[in-house]
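Let me begin by presenting the structure, written as structure tokens, before commenting on it.
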Amino acid sequence: MQNARDRLLLAAAELLESGGTVSTRAVCERAGVQAPTLYHHFGSKQGLIDAVVNHGFTQYTAVESSGDPLDDLREGWDRHVRFGLEHPSFYGLLYGRAEPGKPCAVTAPAHAALRERLTAAAAQGLLKVPADEAAEQVLAANVGITLTLISQPEPDFRLSGRVREAALAGVLHTPSADAPATRASAALTLRALVADDPGALTAGERALLGELLDRLAR
């Protein structure tokens with residue numbers, strides 16, 4: 001038997017998915033509880049909605065590494081798009097209520113996962129720009145195409161594939177055996193390797209080396 005907290009989460013999720021009004025009254029009636037119970041567990045209606053969305057969102061960000069950063073980036077992109085299309089109401093809440101200068105705490109795991117994949121790409125000499133910058137570029141394109149597909153009567157997945165490859169080409173390159181690594185790509189690679197194994201350096205040494213590598217990467 002579900003406890004009151006689980007019933008509230010389920011009720012809010014069902015209302016969100018159906019496009020219904022997610023009012024305190026509607027959620028409580030559906031869950032069979034009184035409003036004070038909602039406030040006890042979640043503090044407010046918005047706290048409940050954030051908990052529902054965060055639960056659903058973290059399910060798709062948990063992608064295990066395959067050992068191939070490029071494959072992982074493509075898989076992460078496609079999972080993001082599928083999540084948006086399967087949960088358009090959730091997705092609208094996540095990316096449709098942006099506040100100036102205030103990052104969304106709920107979407108932070110997706111950004112962190114993307115940054116980790118790009119850092120892995122940097123360690124293999126594949127990154128053109130710093131991982132943070134690359135993550136911003138790729139995520140912006142990923143969100144944009146997802147919102148576009150949600151608005152289409154028949155989502156064009158080929159469009160998503162083209163935008164994905166263009167976004168990745170903007171931040172990644174494929175090293176050639178005949179072409180030496182550039183100073184910038186070498187600096188990005190070393191930065192990722194040092195971050196992965198920082199034990200050999202002191203905090204001061206890491207800070208100094210990081211500053212120098214950032215300059216070289218630019």
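Chains: A, B, ... in order of the structure tokens. Residues: from 1 per chain. Ligands: from 1, in order shown.
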Given only C-alpha atoms, how would the per-residue table for region 63-110 of chain A near region 131-138 of chain A read, listing every residue at most 10 Å away with its closest atom pair and distance in Å to one decimal, sorted by chain and number, as JSON lines?
```
{"residue": "A:Leu73", "atom": "CA", "partner": "A:Val138", "partner_atom": "CA", "distance": 9.4}
{"residue": "A:Trp77", "atom": "CA", "partner": "A:Val138", "partner_atom": "CA", "distance": 8.7}
{"residue": "A:Ala110", "atom": "CA", "partner": "A:Ala135", "partner_atom": "CA", "distance": 9.9}
```
### Task
Assign secondary structure with DSSP using the backbone only, and return the residues of region 13-177 of chain A in strand (DSSP E or B) as a PyMOL selection string.
chain A and resi 99+102+127+172
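The closest residue to Leu38 (chain A), picked from A:Leu8, A:Ala13, A:Leu159, A:Ala203 and counting only C-alpha atoms, is A:Leu8.
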### Query
Out of A:Leu118, A:Val22, A:Ala112, A:Ala11, which residue has the shortest atom-to-atom distance to Pro130 (chain A) when counting only C-alpha atoms?
A:Leu118
Excluding Arg74 (chain A) and residues on its chain fewer than 3 positions from it, collect all residues at most 9 Å away from it, counting only C-alpha atoms, and give them as an mmCIF file with N, CA, C and O atoms, in the first residue's frame.
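See selection02.cif below for the written result:
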```cif
data_model
loop_
_atom_site.group_PDB
_atom_site.id
_atom_site.type_symbol
_atom_site.label_atom_id
_atom_site.label_comp_id
_atom_site.auth_asym_id
_atom_site.auth_seq_id
_atom_site.Cartn_x
_atom_site.Cartn_y
_atom_site.Cartn_z
ATOM 1 N N PRO A 69 33.220 8.106 -25.898
ATOM 2 C CA PRO A 69 32.568 9.377 -25.574
ATOM 3 C C PRO A 69 31.603 9.859 -26.659
ATOM 4 O O PRO A 69 30.542 10.402 -26.345
ATOM 5 N N LEU A 70 31.945 9.641 -27.923
ATOM 6 C CA LEU A 70 31.078 10.114 -28.998
ATOM 7 C C LEU A 70 29.751 9.351 -29.002
ATOM 8 O O LEU A 70 28.675 9.951 -29.153
ATOM 9 N N ASP A 71 29.815 8.040 -28.825
ATOM 10 C CA ASP A 71 28.589 7.250 -28.744
ATOM 11 C C ASP A 71 27.743 7.676 -27.541
ATOM 12 O O ASP A 71 26.515 7.757 -27.624
ATOM 13 N N TRP A 77 22.029 12.649 -26.121
ATOM 14 C CA TRP A 77 21.198 13.575 -26.912
ATOM 15 C C TRP A 77 19.850 12.930 -27.244
ATOM 16 O O TRP A 77 18.793 13.523 -27.035
ATOM 17 N N ASP A 78 19.905 11.703 -27.757
ATOM 18 C CA ASP A 78 18.672 11.020 -28.181
ATOM 19 C C ASP A 78 17.759 10.736 -26.988
ATOM 20 O O ASP A 78 16.528 10.836 -27.108
ATOM 21 N N ARG A 79 18.334 10.374 -25.859
ATOM 22 C CA ARG A 79 17.522 10.137 -24.659
ATOM 23 C C ARG A 79 16.846 11.428 -24.205
ATOM 24 O O ARG A 79 15.695 11.409 -23.755
ATOM 25 N N GLY A 161 18.629 14.386 -35.685
ATOM 26 C CA GLY A 161 19.935 13.803 -35.998
ATOM 27 C C GLY A 161 20.859 14.798 -36.670
ATOM 28 O O GLY A 161 22.059 14.863 -36.362
ATOM 29 N N ARG A 164 21.932 17.356 -34.094
ATOM 30 C CA ARG A 164 22.873 16.707 -33.170
ATOM 31 C C ARG A 164 24.278 16.657 -33.757
ATOM 32 O O ARG A 164 25.258 17.030 -33.101
ATOM 33 N N GLU A 165 24.395 16.206 -34.997
ATOM 34 C CA GLU A 165 25.726 16.082 -35.603
ATOM 35 C C GLU A 165 26.367 17.447 -35.810
ATOM 36 O O GLU A 165 27.582 17.598 -35.650
ATOM 37 N N LEU A 168 27.600 18.600 -32.337
ATOM 38 C CA LEU A 168 28.809 17.883 -31.919
ATOM 39 C C LEU A 168 30.021 18.296 -32.746
ATOM 40 O O LEU A 168 31.134 18.420 -32.225
#
```
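From CA of His111 (chain A) back to CA of Ser18 (chain A), the distance works out to 27.4 Å.
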### Query
Do you have the CA of Thr24 (chain A)-CA of Lys45 (chain A) distance handy?
6.1 Å
### Message
Using Å and a single decimal, report how far CA of Ala169 (chain A) sits from CA of Phe157 (chain A).
### Response
18.4 Å
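Proximity of A:Leu209, A:Leu85, A:Leu15, A:Ala51 to Glu154 (chain A), computed with only C-alpha atoms, is greatest for A:Leu85.
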### Query
Which one of A:Ala167, A:Ser151, A:Ala121, A:Glu211 sits closest to Pro88 (chain A) if you count only C-alpha atoms?
A:Ser151
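Proximity to Val129 (chain A) was assessed for A:Ala26, A:Ala200, A:Val52, A:Leu172 counting only C-alpha atoms; the smallest distance is recorded for A:Leu172.
With only C-alpha atoms taken into account, the protein and nucleic acid residues at most 12 Å from Arg7 (chain A) (excluding it and anything under 4 positions from it in its own chain) are Met1, Gln2, Asn3, Ala11, Ala12, Ala13, Glu14, Val27, Cys28, Glu29, Arg30, Ala31, Gly32, Val33, Gln34, Thr37, Leu38, His41, Leu48 and Val52 of chain A.
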Residues just named, written with all heavy atoms as a short mmCIF file (atom, residue, chain, number, x, y, z; two decimals), in the first residue's frame:
```cif
data_model
loop_
_atom_site.label_atom_id
_atom_site.label_comp_id
_atom_site.auth_asym_id
_atom_site.auth_seq_id
_atom_site.Cartn_x
_atom_site.Cartn_y
_atom_site.Cartn_z
N MET A 1 0.84 -1.20 0.00
CA MET A 1 0.00 0.00 0.00
C MET A 1 0.88 1.25 0.00
O MET A 1 1.85 1.34 0.76
CB MET A 1 -0.91 0.00 1.23
CG MET A 1 -1.85 1.20 1.29
SD MET A 1 -2.97 1.07 2.72
CE MET A 1 -3.91 2.57 2.50
N GLN A 2 0.54 2.21 -0.86
CA GLN A 2 1.34 3.43 -0.96
C GLN A 2 1.11 4.33 0.25
O GLN A 2 -0.01 4.46 0.74
CB GLN A 2 0.99 4.20 -2.23
CG GLN A 2 1.41 3.49 -3.53
CD GLN A 2 0.93 4.28 -4.73
OE1 GLN A 2 -0.15 4.82 -4.73
NE2 GLN A 2 1.76 4.33 -5.75
N ASN A 3 2.19 5.00 0.69
CA ASN A 3 2.02 5.98 1.75
C ASN A 3 1.54 7.30 1.15
O ASN A 3 1.44 7.45 -0.08
CB ASN A 3 3.31 6.16 2.55
CG ASN A 3 4.47 6.61 1.68
OD1 ASN A 3 4.29 7.35 0.71
ND2 ASN A 3 5.67 6.17 2.02
N ALA A 11 -0.24 11.29 -7.89
CA ALA A 11 -1.37 12.13 -8.30
C ALA A 11 -0.89 13.33 -9.09
O ALA A 11 -1.46 13.68 -10.15
CB ALA A 11 -2.14 12.59 -7.06
N ALA A 12 0.17 13.99 -8.63
CA ALA A 12 0.69 15.15 -9.36
C ALA A 12 1.25 14.74 -10.71
O ALA A 12 1.06 15.44 -11.72
CB ALA A 12 1.78 15.83 -8.52
N ALA A 13 1.93 13.59 -10.76
CA ALA A 13 2.49 13.11 -12.03
C ALA A 13 1.38 12.83 -13.03
O ALA A 13 1.48 13.19 -14.21
CB ALA A 13 3.32 11.86 -11.79
N GLU A 14 0.31 12.19 -12.58
CA GLU A 14 -0.80 11.87 -13.49
C GLU A 14 -1.48 13.13 -14.00
O GLU A 14 -1.86 13.21 -15.18
CB GLU A 14 -1.79 10.97 -12.76
CG GLU A 14 -1.27 9.56 -12.51
CD GLU A 14 -2.19 8.72 -11.65
OE1 GLU A 14 -3.11 9.30 -10.99
OE2 GLU A 14 -2.02 7.50 -11.60
N VAL A 27 -4.78 17.82 -6.60
CA VAL A 27 -3.79 16.80 -6.22
C VAL A 27 -4.24 16.07 -4.96
O VAL A 27 -4.18 14.85 -4.89
CB VAL A 27 -2.41 17.45 -6.01
CG1 VAL A 27 -1.44 16.44 -5.41
CG2 VAL A 27 -1.86 18.00 -7.31
N CYS A 28 -4.69 16.83 -3.97
CA CYS A 28 -5.09 16.21 -2.70
C CYS A 28 -6.31 15.31 -2.87
O CYS A 28 -6.38 14.23 -2.28
CB CYS A 28 -5.37 17.29 -1.66
SG CYS A 28 -3.87 18.15 -1.10
N GLU A 29 -7.27 15.75 -3.68
CA GLU A 29 -8.45 14.91 -3.92
C GLU A 29 -8.06 13.61 -4.60
O GLU A 29 -8.54 12.53 -4.25
CB GLU A 29 -9.46 15.68 -4.77
CG GLU A 29 -10.21 16.78 -4.02
CD GLU A 29 -11.24 17.48 -4.88
OE1 GLU A 29 -11.28 17.20 -6.11
OE2 GLU A 29 -12.02 18.30 -4.34
N ARG A 30 -7.16 13.72 -5.57
CA ARG A 30 -6.74 12.52 -6.31
C ARG A 30 -5.96 11.57 -5.40
O ARG A 30 -6.05 10.34 -5.54
CB ARG A 30 -5.90 12.93 -7.52
CG ARG A 30 -5.71 11.83 -8.56
CD ARG A 30 -4.90 12.36 -9.74
NE ARG A 30 -4.89 11.42 -10.83
CZ ARG A 30 -5.70 11.44 -11.88
NH1 ARG A 30 -6.63 12.39 -11.97
NH2 ARG A 30 -5.60 10.54 -12.84
N ALA A 31 -5.17 12.14 -4.50
CA ALA A 31 -4.34 11.31 -3.61
C ALA A 31 -5.10 10.86 -2.37
O ALA A 31 -4.62 9.99 -1.63
CB ALA A 31 -3.10 12.10 -3.19
N GLY A 32 -6.28 11.45 -2.11
CA GLY A 32 -7.06 11.07 -0.94
C GLY A 32 -6.48 11.57 0.36
O GLY A 32 -6.55 10.87 1.39
N VAL A 33 -5.90 12.78 0.33
CA VAL A 33 -5.33 13.36 1.55
C VAL A 33 -5.82 14.80 1.68
O VAL A 33 -6.42 15.35 0.76
CB VAL A 33 -3.79 13.33 1.53
CG1 VAL A 33 -3.26 11.92 1.39
CG2 VAL A 33 -3.24 14.22 0.41
N GLN A 34 -5.51 15.42 2.81
CA GLN A 34 -5.83 16.81 3.03
C GLN A 34 -4.61 17.69 2.70
O GLN A 34 -3.47 17.21 2.70
CB GLN A 34 -6.25 17.04 4.49
CG GLN A 34 -7.48 16.25 4.90
CD GLN A 34 -8.72 16.66 4.10
OE1 GLN A 34 -8.98 17.84 3.89
NE2 GLN A 34 -9.47 15.65 3.64
N THR A 37 -1.29 17.64 4.65
CA THR A 37 -0.39 16.50 4.38
C THR A 37 0.58 16.85 3.25
O THR A 37 1.77 16.50 3.30
CB THR A 37 -1.21 15.25 4.00
OG1 THR A 37 -2.13 14.96 5.05
CG2 THR A 37 -0.30 14.05 3.79
N LEU A 38 0.08 17.51 2.21
CA LEU A 38 0.94 17.94 1.10
C LEU A 38 2.02 18.89 1.62
O LEU A 38 3.21 18.74 1.29
CB LEU A 38 0.10 18.61 0.02
CG LEU A 38 0.82 19.04 -1.27
CD1 LEU A 38 -0.16 19.07 -2.44
CD2 LEU A 38 1.49 20.40 -1.14
N HIS A 41 4.83 17.17 3.65
CA HIS A 41 5.84 16.40 2.90
C HIS A 41 6.65 17.25 1.93
O HIS A 41 7.83 16.96 1.70
CB HIS A 41 5.15 15.27 2.13
CG HIS A 41 4.66 14.15 2.99
ND1 HIS A 41 5.51 13.26 3.63
CD2 HIS A 41 3.40 13.76 3.34
CE1 HIS A 41 4.81 12.39 4.31
NE2 HIS A 41 3.52 12.66 4.16
N LEU A 48 6.14 20.07 -4.41
CA LEU A 48 5.66 18.77 -4.91
C LEU A 48 5.95 18.62 -6.40
O LEU A 48 6.45 17.58 -6.84
CB LEU A 48 4.16 18.64 -4.65
CG LEU A 48 3.44 17.47 -5.33
CD1 LEU A 48 4.01 16.14 -4.84
CD2 LEU A 48 1.94 17.54 -5.08
N VAL A 52 8.32 15.81 -8.35
CA VAL A 52 7.84 14.94 -9.42
C VAL A 52 8.74 15.06 -10.65
O VAL A 52 9.18 14.07 -11.23
CB VAL A 52 6.39 15.28 -9.79
CG1 VAL A 52 5.96 14.52 -11.04
CG2 VAL A 52 5.46 14.95 -8.64
#
```
